[in-house]
Amino acid sequence: MFESHTDLHLPGPTIVPPAVRSAIASGLEADTLNYRSAAFTELLKRVQDKLRRVVGSDGTPLILPGSGATGLEAGIRALVGRGDTAIVCSAGFFAEYAVAIVERLGAQAVRVEAEWGTAIDPTEVATALRAHPGARAVIATHCETSTGVVHDVRAIAESVTDSDAAFVVDAVSSLVSTELQADAWGIDMVLSASQKALMLPPGLAIATVSEKAWRAIGERPAETFALDLVGYREAAERGATPFTPNVPLIHGLDVACDLILKDGLDSSWRRHALLRDMTRDGVRALGLRPFAEDAHASSTLTTVALDDADAVRARLLHDHRFVVGGGLGRVAGRVVRLGHLGWTTPSGVLRMLAALEASLAREGHEVPLGAGVAAAQRRWLDTSVAQEPSRGS
Ligand SMILES: Cc1ncc(COP(=O)(O)O)c(C=O)c1O
């Protein structure tokens, strides 16, 4: 019986909290499934208000049925068409999704690149924009989920603000785990998805769009029907969707946003940063190397270089029912990706490190058992003490 319990430490999909599950179930009731109803309009408007706070954008958030890639395609398609140019910051597997979308639209993707494991240099984006002043969009991945690097989208936004290009950010795996303030930082489009730190099952794509981007979108007719953001906006402003929405997940999103906002976004960003630091200290104490450079390490996941990555992942699953991510693209088989986002706690990270230590030992690695857990505990204790209010007079 106990063997059936699985611990999910993927960088998405993540664990769905009990309150969110109940909310999703409530969205399956016969009377709630009718989305052409006053009750649904009320729900959608409430969720839009919460999402505005989560994304830091005053615009009307758009909720599309689909995965992260659906949102990316809808957003990029709205801005970029045949013969256009888009600048894509690329330093990993998921950034190449944006390149693929741009190229399939018949547009030119100009890459600004960095080594996998390192961050894009924002000054290179400025240089690319000078070389391609007609670029319709600059696209960056906030957290590159293949490498565990968080790119400095705030600094990149500063390079883009004075240009005609719209700045599009793939925040699929960073929203809620990593600070992001769309309007204040000058991000024109934030694209995200439900199955990461929003703590929902897969199935919703989320987009916010600035007025600058809406003006650019309005310059040409949409070449898509089901993914037309203008149609989504018109409906969203009435508290509706143009097509059948994923009603149960929107009920779940309502409650997930409550959990996040009640805790506070600051607190969420701090908690995720602690989980990151505990994980990095832990794996280093085991003699392993985090793949992402320290200065740009993601709070969503830690990618760890490991020659026998797939054997260790299989061992984690077999011996401990622990699911962690594998390598993607050019690092397939050479890294494990340890997720620490969403419904996750410091104790969860300690359990993950304990299972990792044992799995490494079983696979023949020389590991000082307990060292990873101890290093992570030390980080947790030091951070908790540092965050405690002063007990002085
Ligand atoms: C940064 C990033 N972008 C895009 C995607 C694609 O999302 P999906 O698989 O939901 O289409 C992912 C998925 O993990 C991601 O992490």
# chains A, B, ... in the order shown; residues from 1 in each chain; ligands from 1

$ residues_near_ligand --ligand "ligand 1" --cutoff "9 Å" --atoms "only C-alpha atoms and all ligand atoms" --output "NGL selection string"
:A and (11-13 or 66-72 or 93-95 or 97-98 or 141-146 or 170-174 or 191-196 or 202-205)

$ residues_around --residues "region 20-31 of chain A" --least-positions-apart "4" --cutoff "10 Å" --atoms "only C-alpha atoms" --output "list in words"
Val16, Tyr35, Ser37, Ala39, Met199, Leu200, Pro201, Asn246, Val247, Pro248, Leu249, Ile250, His251, Gly252, Leu253, Asp254, Val255, Ala256, Cys257, Asp258 and Leu259 of chain A

$ residues_around --residues "Ala240 (chain A)" --least-positions-apart "4" --cutoff "7 Å" --atoms "only C-alpha atoms" --output "list in words"
Thr41, Ala235 and Ala236 of chain A

$ select_by_dssp --residues "region 36-238 of chain A" --states "strand (DSSP E)" --output "ChimeraX atom specification"
/A:62-65,85-90,108-113,137-141,143-144,149-150,166-170,189-193,204-209

$ residues_around --residues "Arg378 (chain A)" --least-positions-apart "3" --cutoff "12 Å" --atoms "only C-alpha atoms" --output "PyMOL selection string"
chain A and resi 274+277-279+281-282+285+346+350+371-375+381-385

$ atom_distance --atom1 "CA of Arg111 (chain A)" --atom2 "CA of Ala292 (chain A)"
20.2 Å

$ decode --residues "region 250-296 of chain A" --atoms "N, CA and C atoms" --output "PDB file, in the first residue's frame"
ATOM      1  N   ILE A 250     -10.664  26.536 -14.087  1.00  0.00           N
ATOM      2  CA  ILE A 250     -10.788  27.952 -13.713  1.00  0.00           C
ATOM      3  C   ILE A 250     -11.291  28.054 -12.264  1.00  0.00           C
ATOM      4  N   HIS A 251     -12.143  27.118 -11.864  1.00  0.00           N
ATOM      5  CA  HIS A 251     -12.520  27.053 -10.439  1.00  0.00           C
ATOM      6  C   HIS A 251     -11.277  26.780  -9.590  1.00  0.00           C
ATOM      7  N   GLY A 252     -10.442  25.865 -10.068  1.00  0.00           N
ATOM      8  CA  GLY A 252      -9.215  25.552  -9.331  1.00  0.00           C
ATOM      9  C   GLY A 252      -8.288  26.765  -9.264  1.00  0.00           C
ATOM     10  N   LEU A 253      -8.208  27.489 -10.362  1.00  0.00           N
ATOM     11  CA  LEU A 253      -7.325  28.660 -10.423  1.00  0.00           C
ATOM     12  C   LEU A 253      -7.755  29.719  -9.408  1.00  0.00           C
ATOM     13  N   ASP A 254      -9.058  29.850  -9.251  1.00  0.00           N
ATOM     14  CA  ASP A 254      -9.598  30.816  -8.276  1.00  0.00           C
ATOM     15  C   ASP A 254      -9.013  30.525  -6.880  1.00  0.00           C
ATOM     16  N   VAL A 255      -9.054  29.262  -6.497  1.00  0.00           N
ATOM     17  CA  VAL A 255      -8.593  28.887  -5.152  1.00  0.00           C
ATOM     18  C   VAL A 255      -7.058  28.871  -5.076  1.00  0.00           C
ATOM     19  N   ALA A 256      -6.411  28.447  -6.163  1.00  0.00           N
ATOM     20  CA  ALA A 256      -4.932  28.453  -6.163  1.00  0.00           C
ATOM     21  C   ALA A 256      -4.425  29.886  -5.989  1.00  0.00           C
ATOM     22  N   CYS A 257      -5.061  30.825  -6.669  1.00  0.00           N
ATOM     23  CA  CYS A 257      -4.646  32.240  -6.517  1.00  0.00           C
ATOM     24  C   CYS A 257      -4.861  32.687  -5.077  1.00  0.00           C
ATOM     25  N   ASP A 258      -5.957  32.235  -4.458  1.00  0.00           N
ATOM     26  CA  ASP A 258      -6.186  32.598  -3.043  1.00  0.00           C
ATOM     27  C   ASP A 258      -5.037  32.103  -2.173  1.00  0.00           C
ATOM     28  N   LEU A 259      -4.642  30.838  -2.389  1.00  0.00           N
ATOM     29  CA  LEU A 259      -3.554  30.277  -1.572  1.00  0.00           C
ATOM     30  C   LEU A 259      -2.286  31.115  -1.753  1.00  0.00           C
ATOM     31  N   ILE A 260      -2.019  31.469  -2.997  1.00  0.00           N
ATOM     32  CA  ILE A 260      -0.782  32.202  -3.304  1.00  0.00           C
ATOM     33  C   ILE A 260      -0.842  33.616  -2.722  1.00  0.00           C
ATOM     34  N   LEU A 261      -1.980  34.271  -2.923  1.00  0.00           N
ATOM     35  CA  LEU A 261      -2.063  35.679  -2.504  1.00  0.00           C
ATOM     36  C   LEU A 261      -2.200  35.813  -0.991  1.00  0.00           C
ATOM     37  N   LYS A 262      -2.816  34.804  -0.378  1.00  0.00           N
ATOM     38  CA  LYS A 262      -2.940  34.852   1.085  1.00  0.00           C
ATOM     39  C   LYS A 262      -1.549  34.752   1.718  1.00  0.00           C
ATOM     40  N   ASP A 263      -0.752  33.854   1.178  1.00  0.00           N
ATOM     41  CA  ASP A 263       0.632  33.706   1.647  1.00  0.00           C
ATOM     42  C   ASP A 263       1.431  34.954   1.269  1.00  0.00           C
ATOM     43  N   GLY A 264       1.118  35.529   0.141  1.00  0.00           N
ATOM     44  CA  GLY A 264       1.822  36.717  -0.347  1.00  0.00           C
ATOM     45  C   GLY A 264       2.855  36.340  -1.392  1.00  0.00           C
ATOM     46  N   LEU A 265       2.925  37.138  -2.458  1.00  0.00           N
ATOM     47  CA  LEU A 265       3.894  36.823  -3.519  1.00  0.00           C
ATOM     48  C   LEU A 265       5.327  36.935  -3.004  1.00  0.00           C
ATOM     49  N   ASP A 266       5.579  37.953  -2.175  1.00  0.00           N
ATOM     50  CA  ASP A 266       6.939  38.106  -1.624  1.00  0.00           C
ATOM     51  C   ASP A 266       7.349  36.848  -0.884  1.00  0.00           C
ATOM     52  N   SER A 267       6.406  36.361  -0.085  1.00  0.00           N
ATOM     53  CA  SER A 267       6.699  35.186   0.716  1.00  0.00           C
ATOM     54  C   SER A 267       6.921  33.968  -0.195  1.00  0.00           C
ATOM     55  N   SER A 268       6.150  33.893  -1.275  1.00  0.00           N
ATOM     56  CA  SER A 268       6.317  32.784  -2.215  1.00  0.00           C
ATOM     57  C   SER A 268       7.699  32.851  -2.870  1.00  0.00           C
ATOM     58  N   TRP A 269       8.081  34.046  -3.294  1.00  0.00           N
ATOM     59  CA  TRP A 269       9.407  34.172  -3.933  1.00  0.00           C
ATOM     60  C   TRP A 269      10.507  33.805  -2.950  1.00  0.00           C
ATOM     61  N   ARG A 270      10.344  34.228  -1.669  1.00  0.00           N
ATOM     62  CA  ARG A 270      11.369  33.925  -0.660  1.00  0.00           C
ATOM     63  C   ARG A 270      11.427  32.423  -0.382  1.00  0.00           C
ATOM     64  N   ARG A 271      10.249  31.815  -0.274  1.00  0.00           N
ATOM     65  CA  ARG A 271      10.223  30.363   0.005  1.00  0.00           C
ATOM     66  C   ARG A 271      10.904  29.597  -1.131  1.00  0.00           C
ATOM     67  N   HIS A 272      10.566  29.960  -2.366  1.00  0.00           N
ATOM     68  CA  HIS A 272      11.173  29.247  -3.490  1.00  0.00           C
ATOM     69  C   HIS A 272      12.694  29.473  -3.533  1.00  0.00           C
ATOM     70  N   ALA A 273      13.135  30.677  -3.159  1.00  0.00           N
ATOM     71  CA  ALA A 273      14.585  30.948  -3.148  1.00  0.00           C
ATOM     72  C   ALA A 273      15.271  30.079  -2.083  1.00  0.00           C
ATOM     73  N   LEU A 274      14.590  29.905  -0.946  1.00  0.00           N
ATOM     74  CA  LEU A 274      15.149  29.049   0.107  1.00  0.00           C
ATOM     75  C   LEU A 274      15.259  27.602  -0.396  1.00  0.00           C
ATOM     76  N   LEU A 275      14.200  27.132  -1.071  1.00  0.00           N
ATOM     77  CA  LEU A 275      14.233  25.749  -1.578  1.00  0.00           C
ATOM     78  C   LEU A 275      15.372  25.580  -2.584  1.00  0.00           C
ATOM     79  N   ARG A 276      15.564  26.611  -3.409  1.00  0.00           N
ATOM     80  CA  ARG A 276      16.689  26.593  -4.360  1.00  0.00           C
ATOM     81  C   ARG A 276      18.018  26.484  -3.610  1.00  0.00           C
ATOM     82  N   ASP A 277      18.205  27.348  -2.601  1.00  0.00           N
ATOM     83  CA  ASP A 277      19.502  27.373  -1.904  1.00  0.00           C
ATOM     84  C   ASP A 277      19.745  26.074  -1.149  1.00  0.00           C
ATOM     85  N   MET A 278      18.686  25.540  -0.541  1.00  0.00           N
ATOM     86  CA  MET A 278      18.837  24.258   0.159  1.00  0.00           C
ATOM     87  C   MET A 278      19.251  23.170  -0.830  1.00  0.00           C
ATOM     88  N   THR A 279      18.605  23.154  -1.990  1.00  0.00           N
ATOM     89  CA  THR A 279      18.895  22.101  -2.973  1.00  0.00           C
ATOM     90  C   THR A 279      20.324  22.232  -3.483  1.00  0.00           C
ATOM     91  N   ARG A 280      20.722  23.459  -3.780  1.00  0.00           N
ATOM     92  CA  ARG A 280      22.083  23.653  -4.327  1.00  0.00           C
ATOM     93  C   ARG A 280      23.143  23.289  -3.285  1.00  0.00           C
ATOM     94  N   ASP A 281      22.916  23.724  -2.042  1.00  0.00           N
ATOM     95  CA  ASP A 281      23.887  23.354  -0.992  1.00  0.00           C
ATOM     96  C   ASP A 281      23.924  21.837  -0.839  1.00  0.00           C
ATOM     97  N   GLY A 282      22.750  21.239  -0.877  1.00  0.00           N
ATOM     98  CA  GLY A 282      22.653  19.787  -0.679  1.00  0.00           C
ATOM     99  C   GLY A 282      23.395  19.014  -1.761  1.00  0.00           C
ATOM    100  N   VAL A 283      23.157  19.352  -3.010  1.00  0.00           N
ATOM    101  CA  VAL A 283      23.807  18.567  -4.079  1.00  0.00           C
ATOM    102  C   VAL A 283      25.314  18.818  -4.096  1.00  0.00           C
ATOM    103  N   ARG A 284      25.706  20.042  -3.754  1.00  0.00           N
ATOM    104  CA  ARG A 284      27.166  20.325  -3.709  1.00  0.00           C
ATOM    105  C   ARG A 284      27.835  19.491  -2.618  1.00  0.00           C
ATOM    106  N   ALA A 285      27.150  19.356  -1.481  1.00  0.00           N
ATOM    107  CA  ALA A 285      27.731  18.577  -0.380  1.00  0.00           C
ATOM    108  C   ALA A 285      27.890  17.108  -0.772  1.00  0.00           C
ATOM    109  N   LEU A 286      27.159  16.701  -1.823  1.00  0.00           N
ATOM    110  CA  LEU A 286      27.290  15.312  -2.312  1.00  0.00           C
ATOM    111  C   LEU A 286      28.346  15.207  -3.402  1.00  0.00           C
ATOM    112  N   GLY A 287      29.034  16.325  -3.645  1.00  0.00           N
ATOM    113  CA  GLY A 287      30.088  16.312  -4.671  1.00  0.00           C
ATOM    114  C   GLY A 287      29.548  16.501  -6.074  1.00  0.00           C
ATOM    115  N   LEU A 288      28.282  16.928  -6.192  1.00  0.00           N
ATOM    116  CA  LEU A 288      27.704  17.127  -7.527  1.00  0.00           C
ATOM    117  C   LEU A 288      27.740  18.609  -7.894  1.00  0.00           C
ATOM    118  N   ARG A 289      27.487  18.870  -9.193  1.00  0.00           N
ATOM    119  CA  ARG A 289      27.595  20.249  -9.670  1.00  0.00           C
ATOM    120  C   ARG A 289      26.258  20.722 -10.241  1.00  0.00           C
ATOM    121  N   PRO A 290      25.704  21.804  -9.634  1.00  0.00           N
ATOM    122  CA  PRO A 290      24.514  22.393 -10.271  1.00  0.00           C
ATOM    123  C   PRO A 290      24.909  22.925 -11.654  1.00  0.00           C
ATOM    124  N   PHE A 291      24.052  22.701 -12.619  1.00  0.00           N
ATOM    125  CA  PHE A 291      24.361  23.050 -14.014  1.00  0.00           C
ATOM    126  C   PHE A 291      24.319  24.562 -14.228  1.00  0.00           C
ATOM    127  N   ALA A 292      23.437  25.257 -13.512  1.00  0.00           N
ATOM    128  CA  ALA A 292      23.284  26.710 -13.713  1.00  0.00           C
ATOM    129  C   ALA A 292      24.267  27.474 -12.841  1.00  0.00           C
ATOM    130  N   GLU A 293      24.791  28.555 -13.409  1.00  0.00           N
ATOM    131  CA  GLU A 293      25.719  29.391 -12.630  1.00  0.00           C
ATOM    132  C   GLU A 293      24.972  29.998 -11.437  1.00  0.00           C
ATOM    133  N   ASP A 294      25.724  30.250 -10.333  1.00  0.00           N
ATOM    134  CA  ASP A 294      25.106  30.719  -9.086  1.00  0.00           C
ATOM    135  C   ASP A 294      24.300  32.002  -9.266  1.00  0.00           C
ATOM    136  N   ALA A 295      24.845  32.945  -9.989  1.00  0.00           N
ATOM    137  CA  ALA A 295      24.229  34.276 -10.075  1.00  0.00           C
ATOM    138  C   ALA A 295      22.856  34.223 -10.744  1.00  0.00           C
ATOM    139  N   HIS A 296      22.594  33.175 -11.498  1.00  0.00           N
ATOM    140  CA  HIS A 296      21.333  33.117 -12.240  1.00  0.00           C
ATOM    141  C   HIS A 296      20.594  31.801 -11.983  1.00  0.00           C
TER     142      HIS A 296
END
